[in-house]
Amino acid sequence: MSELDLSWADAGHGDPAFLGEIFSLAFVRGVEPLDALRRIGGLEDTLAHRTPAEIAAAHTFDDGYPEVASAFALGEWTVLVQPTSYTLRYLVDALSRGTEAFAVVRHDYASPSFDHAIDGTVTTHFNLNYPESRGGSDPDRLLPLIREAGFDPDDEDDSDDEDDESWRYRYEGAVARGMALAGRIVGAPPTFEQVSASLPSMHVDSWFSRTKPAHVEDAPAEAARLVAELDLAATPGLAAALAAAPVVVTQDSDLGRHVREWSALARRADWSLNLERSRMTDEQRSRGYRFGHLTMALAATFRADLA
């Protein structure tokens with residue numbers, strides 16, 4: 001396999017190959033691009049060709065800060081591109097059902113990461129800056145490839161020498177090493193031209209994916225409490241779905257469209273705090289957070305079969 005220039009993965013502002021301070025790429029074997037988008041909760045009625053720049057431009061309060069992912073084929077794999085978010089790392093279990101999937105994340109304000117899964121189980125995950133600290137059901141599964149990609153999984157970084165700056169290697173080019181690891185798994189890494197092209201894309205609401213729902217203590221009771229608190233008891237289909245759980249709620253049903261609205265309220269509350277704070281009062285933002293808690297409780301109640 002020939003090495004490609006992967007410096008775009010760590011490029012900064014002003015570089016023409018700058019994809020963003022936060023982005024994630026996921027790879028899934030043997031699944032067509034549109035089907036891969038559906039696996040992560042792609043909303044069918046939002047399908048369109050978009051560039052990363054167009055996706056970033058729509059990441060606004062008025063548009064509901066949508067999560068958007070694009071997809072293209074790369075040999076027997078599909079590559080998903082999420083230019084403004086890191087949530088693909090939490091969807092590799094859904095992507096991998098019946099196959100293999102993994103995600104590489106750049107996140108300049110938190111931690112870059114690598115997450116690999118097979119048939120719904122996360123096998124290996126680690127912070128790209130700390131490859132020696134791996135988790136998952138089989139943390140050493142990819143160890144030879146991790147080394148080949150330029151990581152040093154044996155370095156414990158325990159030097160007491162104040163002049164030793166070898167630690168900088170952990171952070172410089174870490175995402176490029178993550179992409180090199182991706183290339184060793186799929187055969188060749190994607191190029192910047194491929195990930196930045198105008199591609200088929202969908203808004204994504206992971207609520208409609210088959211990912212394992214977050215744990216919510218006594219989820220049915222918590223969902224009922226929040227429904228009452230937010231005065232949503234008259235929502236079409238909600239009472240029947242709660243009574244029939246576990247149940248699959250489709251994105252184009254009456255209840256599904258309400259869930260999509262509640263997810264958008266929660267996203268506005270989350271993102272506006274840092275990006276457009278004046279667009280919501282503290283009371284409105286607090287209510288938006290409650291809708292986020294509600295969607296989590298509903299996911300845990302309706303999809304208990306995935307827990």
# chains A, B, ... in the order shown; residues from 1 in each chain; ligands from 1
$ closest_atom_pairs --of "segment 64-154 of chain A" --to "segment 204-217 of chain A" --cutoff "9 Å" --atoms "only C-alpha atoms" --output "JSON lines"
{"residue": "A:Pro66", "atom": "CA", "partner": "A:Val204", "partner_atom": "CA", "distance": 7.3}
{"residue": "A:Glu67", "atom": "CA", "partner": "A:Val204", "partner_atom": "CA", "distance": 5.3}
{"residue": "A:Val68", "atom": "CA", "partner": "A:Val204", "partner_atom": "CA", "distance": 5.5}
{"residue": "A:Ala69", "atom": "CA", "partner": "A:Val204", "partner_atom": "CA", "distance": 6.7}
{"residue": "A:Thr87", "atom": "CA", "partner": "A:Ser206", "partner_atom": "CA", "distance": 8.8}
{"residue": "A:Tyr90", "atom": "CA", "partner": "A:Thr211", "partner_atom": "CA", "distance": 7.9}
{"residue": "A:Leu91", "atom": "CA", "partner": "A:Thr211", "partner_atom": "CA", "distance": 5.9}
{"residue": "A:Val92", "atom": "CA", "partner": "A:Thr211", "partner_atom": "CA", "distance": 7.9}
{"residue": "A:Asp93", "atom": "CA", "partner": "A:Thr211", "partner_atom": "CA", "distance": 5.9}
{"residue": "A:Ala94", "atom": "CA", "partner": "A:Thr211", "partner_atom": "CA", "distance": 4.4}
{"residue": "A:Leu95", "atom": "CA", "partner": "A:Thr211", "partner_atom": "CA", "distance": 8.1}
{"residue": "A:Arg97", "atom": "CA", "partner": "A:Arg210", "partner_atom": "CA", "distance": 8.7}
{"residue": "A:Gly120", "atom": "CA", "partner": "A:Thr211", "partner_atom": "CA", "distance": 8.1}
$ select_by_dssp --residues "segment 28-247 of chain A" --states "strand (DSSP E or B)" --output "mmCIF file with N, CA and C atoms, in the first residue's frame"
data_model
loop_
_atom_site.group_PDB
_atom_site.id
_atom_site.type_symbol
_atom_site.label_atom_id
_atom_site.label_comp_id
_atom_site.auth_asym_id
_atom_site.auth_seq_id
_atom_site.Cartn_x
_atom_site.Cartn_y
_atom_site.Cartn_z
ATOM 1 N N VAL A 28 -17.406 1.362 7.020
ATOM 2 C CA VAL A 28 -18.176 0.136 7.232
ATOM 3 C C VAL A 28 -18.002 -0.763 6.018
ATOM 4 N N ARG A 29 -17.746 -2.022 6.279
ATOM 5 C CA ARG A 29 -17.460 -2.976 5.204
ATOM 6 C C ARG A 29 -18.749 -3.576 4.631
ATOM 7 N N GLY A 42 -29.974 8.211 9.332
ATOM 8 C CA GLY A 42 -30.132 9.212 8.287
ATOM 9 C C GLY A 42 -31.599 9.450 7.973
ATOM 10 N N ALA A 48 -29.530 14.871 0.006
ATOM 11 C CA ALA A 48 -29.073 15.842 -0.991
ATOM 12 C C ALA A 48 -27.561 15.752 -1.089
ATOM 13 N N HIS A 49 -27.009 16.234 -2.211
ATOM 14 C CA HIS A 49 -25.556 16.341 -2.337
ATOM 15 C C HIS A 49 -25.106 17.617 -1.607
ATOM 16 N N ARG A 50 -24.079 17.487 -0.773
ATOM 17 C CA ARG A 50 -23.566 18.619 -0.009
ATOM 18 C C ARG A 50 -22.045 18.499 0.101
ATOM 19 N N VAL A 68 -25.120 16.167 10.231
ATOM 20 C CA VAL A 68 -25.182 15.778 8.827
ATOM 21 C C VAL A 68 -23.999 14.863 8.515
ATOM 22 N N ALA A 69 -24.244 13.798 7.784
ATOM 23 C CA ALA A 69 -23.181 12.903 7.339
ATOM 24 C C ALA A 69 -23.318 12.654 5.852
ATOM 25 N N SER A 70 -22.174 12.547 5.188
ATOM 26 C CA SER A 70 -22.111 12.211 3.769
ATOM 27 C C SER A 70 -21.505 10.827 3.617
ATOM 28 N N ALA A 71 -21.584 10.267 2.422
ATOM 29 C CA ALA A 71 -21.078 8.905 2.233
ATOM 30 C C ALA A 71 -20.589 8.694 0.810
ATOM 31 N N PHE A 72 -19.541 7.876 0.680
ATOM 32 C CA PHE A 72 -19.054 7.464 -0.630
ATOM 33 C C PHE A 72 -18.408 6.090 -0.506
ATOM 34 N N ALA A 73 -18.328 5.392 -1.638
ATOM 35 C CA ALA A 73 -17.749 4.055 -1.667
ATOM 36 C C ALA A 73 -16.237 4.139 -1.802
ATOM 37 N N LEU A 74 -15.546 3.231 -1.113
ATOM 38 C CA LEU A 74 -14.095 3.117 -1.183
ATOM 39 C C LEU A 74 -13.771 1.625 -1.227
ATOM 40 N N TRP A 77 -15.642 -0.939 0.984
ATOM 41 C CA TRP A 77 -16.057 -0.185 2.159
ATOM 42 C C TRP A 77 -16.869 1.030 1.753
ATOM 43 N N THR A 78 -17.656 1.539 2.697
ATOM 44 C CA THR A 78 -18.265 2.857 2.576
ATOM 45 C C THR A 78 -17.640 3.761 3.626
ATOM 46 N N VAL A 79 -17.326 4.984 3.215
ATOM 47 C CA VAL A 79 -16.789 5.993 4.127
ATOM 48 C C VAL A 79 -17.880 7.012 4.419
ATOM 49 N N LEU A 80 -18.131 7.268 5.697
ATOM 50 C CA LEU A 80 -19.057 8.310 6.124
ATOM 51 C C LEU A 80 -18.244 9.504 6.607
ATOM 52 N N VAL A 81 -18.665 10.694 6.234
ATOM 53 C CA VAL A 81 -17.962 11.926 6.593
ATOM 54 C C VAL A 81 -18.907 12.818 7.368
ATOM 55 N N GLN A 82 -18.498 13.210 8.565
ATOM 56 C CA GLN A 82 -19.307 14.098 9.405
ATOM 57 C C GLN A 82 -18.451 15.342 9.697
ATOM 58 N N GLU A 100 -18.233 -5.163 9.933
ATOM 59 C CA GLU A 100 -17.148 -4.496 10.660
ATOM 60 C C GLU A 100 -17.223 -3.006 10.377
ATOM 61 N N ALA A 101 -16.953 -2.189 11.374
ATOM 62 C CA ALA A 101 -16.958 -0.743 11.187
ATOM 63 C C ALA A 101 -16.012 -0.101 12.188
ATOM 64 N N PHE A 102 -15.552 1.108 11.853
ATOM 65 C CA PHE A 102 -14.725 1.860 12.800
ATOM 66 C C PHE A 102 -14.827 3.342 12.480
ATOM 67 N N ALA A 103 -14.413 4.165 13.416
ATOM 68 C CA ALA A 103 -14.486 5.619 13.246
ATOM 69 C C ALA A 103 -13.197 6.261 13.733
ATOM 70 N N VAL A 104 -12.791 7.324 13.033
ATOM 71 C CA VAL A 104 -11.655 8.160 13.419
ATOM 72 C C VAL A 104 -12.197 9.567 13.649
ATOM 73 N N VAL A 105 -11.864 10.159 14.794
ATOM 74 C CA VAL A 105 -12.416 11.462 15.168
ATOM 75 C C VAL A 105 -11.305 12.462 15.441
ATOM 76 N N ARG A 106 -11.435 13.643 14.882
ATOM 77 C CA ARG A 106 -10.630 14.790 15.292
ATOM 78 C C ARG A 106 -11.500 15.679 16.166
ATOM 79 N N HIS A 107 -10.974 16.067 17.319
ATOM 80 C CA HIS A 107 -11.712 16.960 18.220
ATOM 81 C C HIS A 107 -10.686 17.800 18.967
ATOM 82 N N SER A 113 -10.024 10.309 18.630
ATOM 83 C CA SER A 113 -10.275 8.928 19.040
ATOM 84 C C SER A 113 -10.365 7.983 17.859
ATOM 85 N N PHE A 114 -10.250 6.688 18.189
ATOM 86 C CA PHE A 114 -10.432 5.605 17.238
ATOM 87 C C PHE A 114 -11.314 4.570 17.909
ATOM 88 N N ASP A 115 -12.372 4.136 17.210
ATOM 89 C CA ASP A 115 -13.307 3.147 17.758
ATOM 90 C C ASP A 115 -13.610 2.112 16.684
ATOM 91 N N HIS A 116 -13.414 0.841 17.006
ATOM 92 C CA HIS A 116 -13.600 -0.261 16.064
ATOM 93 C C HIS A 116 -14.625 -1.229 16.629
ATOM 94 N N ALA A 117 -15.513 -1.740 15.779
ATOM 95 C CA ALA A 117 -16.563 -2.658 16.244
ATOM 96 C C ALA A 117 -16.799 -3.755 15.221
ATOM 97 N N ILE A 118 -17.227 -4.903 15.730
ATOM 98 C CA ILE A 118 -17.629 -6.030 14.892
ATOM 99 C C ILE A 118 -18.977 -6.533 15.381
ATOM 100 N N THR A 121 -20.492 -4.996 18.576
ATOM 101 C CA THR A 121 -19.667 -4.944 19.785
ATOM 102 C C THR A 121 -18.397 -4.141 19.522
ATOM 103 N N VAL A 122 -18.119 -3.158 20.368
ATOM 104 C CA VAL A 122 -16.891 -2.367 20.235
ATOM 105 C C VAL A 122 -15.717 -3.224 20.686
ATOM 106 N N THR A 123 -14.806 -3.484 19.778
ATOM 107 C CA THR A 123 -13.674 -4.367 20.063
ATOM 108 C C THR A 123 -12.447 -3.607 20.551
ATOM 109 N N THR A 124 -12.186 -2.438 19.968
ATOM 110 C CA THR A 124 -11.001 -1.657 20.313
ATOM 111 C C THR A 124 -11.334 -0.182 20.261
ATOM 112 N N HIS A 125 -10.983 0.551 21.301
ATOM 113 C CA HIS A 125 -11.106 2.007 21.230
ATOM 114 C C HIS A 125 -9.969 2.633 22.022
ATOM 115 N N PHE A 126 -9.496 3.787 21.545
ATOM 116 C CA PHE A 126 -8.439 4.491 22.269
ATOM 117 C C PHE A 126 -8.379 5.949 21.837
ATOM 118 N N ASN A 127 -7.848 6.767 22.721
ATOM 119 C CA ASN A 127 -7.528 8.159 22.443
ATOM 120 C C ASN A 127 -6.303 8.153 21.524
ATOM 121 N N ARG A 134 -5.861 1.323 25.801
ATOM 122 C CA ARG A 134 -6.931 0.877 24.900
ATOM 123 C C ARG A 134 -8.005 0.131 25.676
ATOM 124 N N GLY A 135 -9.234 0.244 25.188
ATOM 125 C CA GLY A 135 -10.338 -0.483 25.784
ATOM 126 C C GLY A 135 -11.060 -1.295 24.735
ATOM 127 N N LEU A 199 -21.086 15.248 -1.891
ATOM 128 C CA LEU A 199 -21.450 13.842 -1.745
ATOM 129 C C LEU A 199 -22.906 13.695 -1.314
ATOM 130 N N PRO A 200 -23.512 12.532 -1.588
ATOM 131 C CA PRO A 200 -24.844 12.274 -1.035
ATOM 132 C C PRO A 200 -24.791 12.356 0.490
ATOM 133 N N SER A 201 -25.721 13.061 1.074
ATOM 134 C CA SER A 201 -25.712 13.255 2.522
ATOM 135 C C SER A 201 -27.133 13.294 3.064
ATOM 136 N N MET A 202 -27.236 13.059 4.358
ATOM 137 C CA MET A 202 -28.515 13.154 5.054
ATOM 138 C C MET A 202 -28.299 13.808 6.412
ATOM 139 N N HIS A 203 -29.324 14.527 6.869
ATOM 140 C CA HIS A 203 -29.358 14.877 8.277
ATOM 141 C C HIS A 203 -29.483 13.564 9.060
ATOM 142 N N VAL A 204 -28.838 13.523 10.202
ATOM 143 C CA VAL A 204 -28.800 12.288 10.983
ATOM 144 C C VAL A 204 -29.387 12.528 12.366
#
$ select_by_dssp --residues "segment 33-244 of chain A" --states "alpha helix (DSSP H)" --output "VMD selection string"
chain A and resid 33 to 39 52 to 57 92 to 95 143 to 148 168 to 171 174 to 186 192 to 195 219 to 229 238 to 244
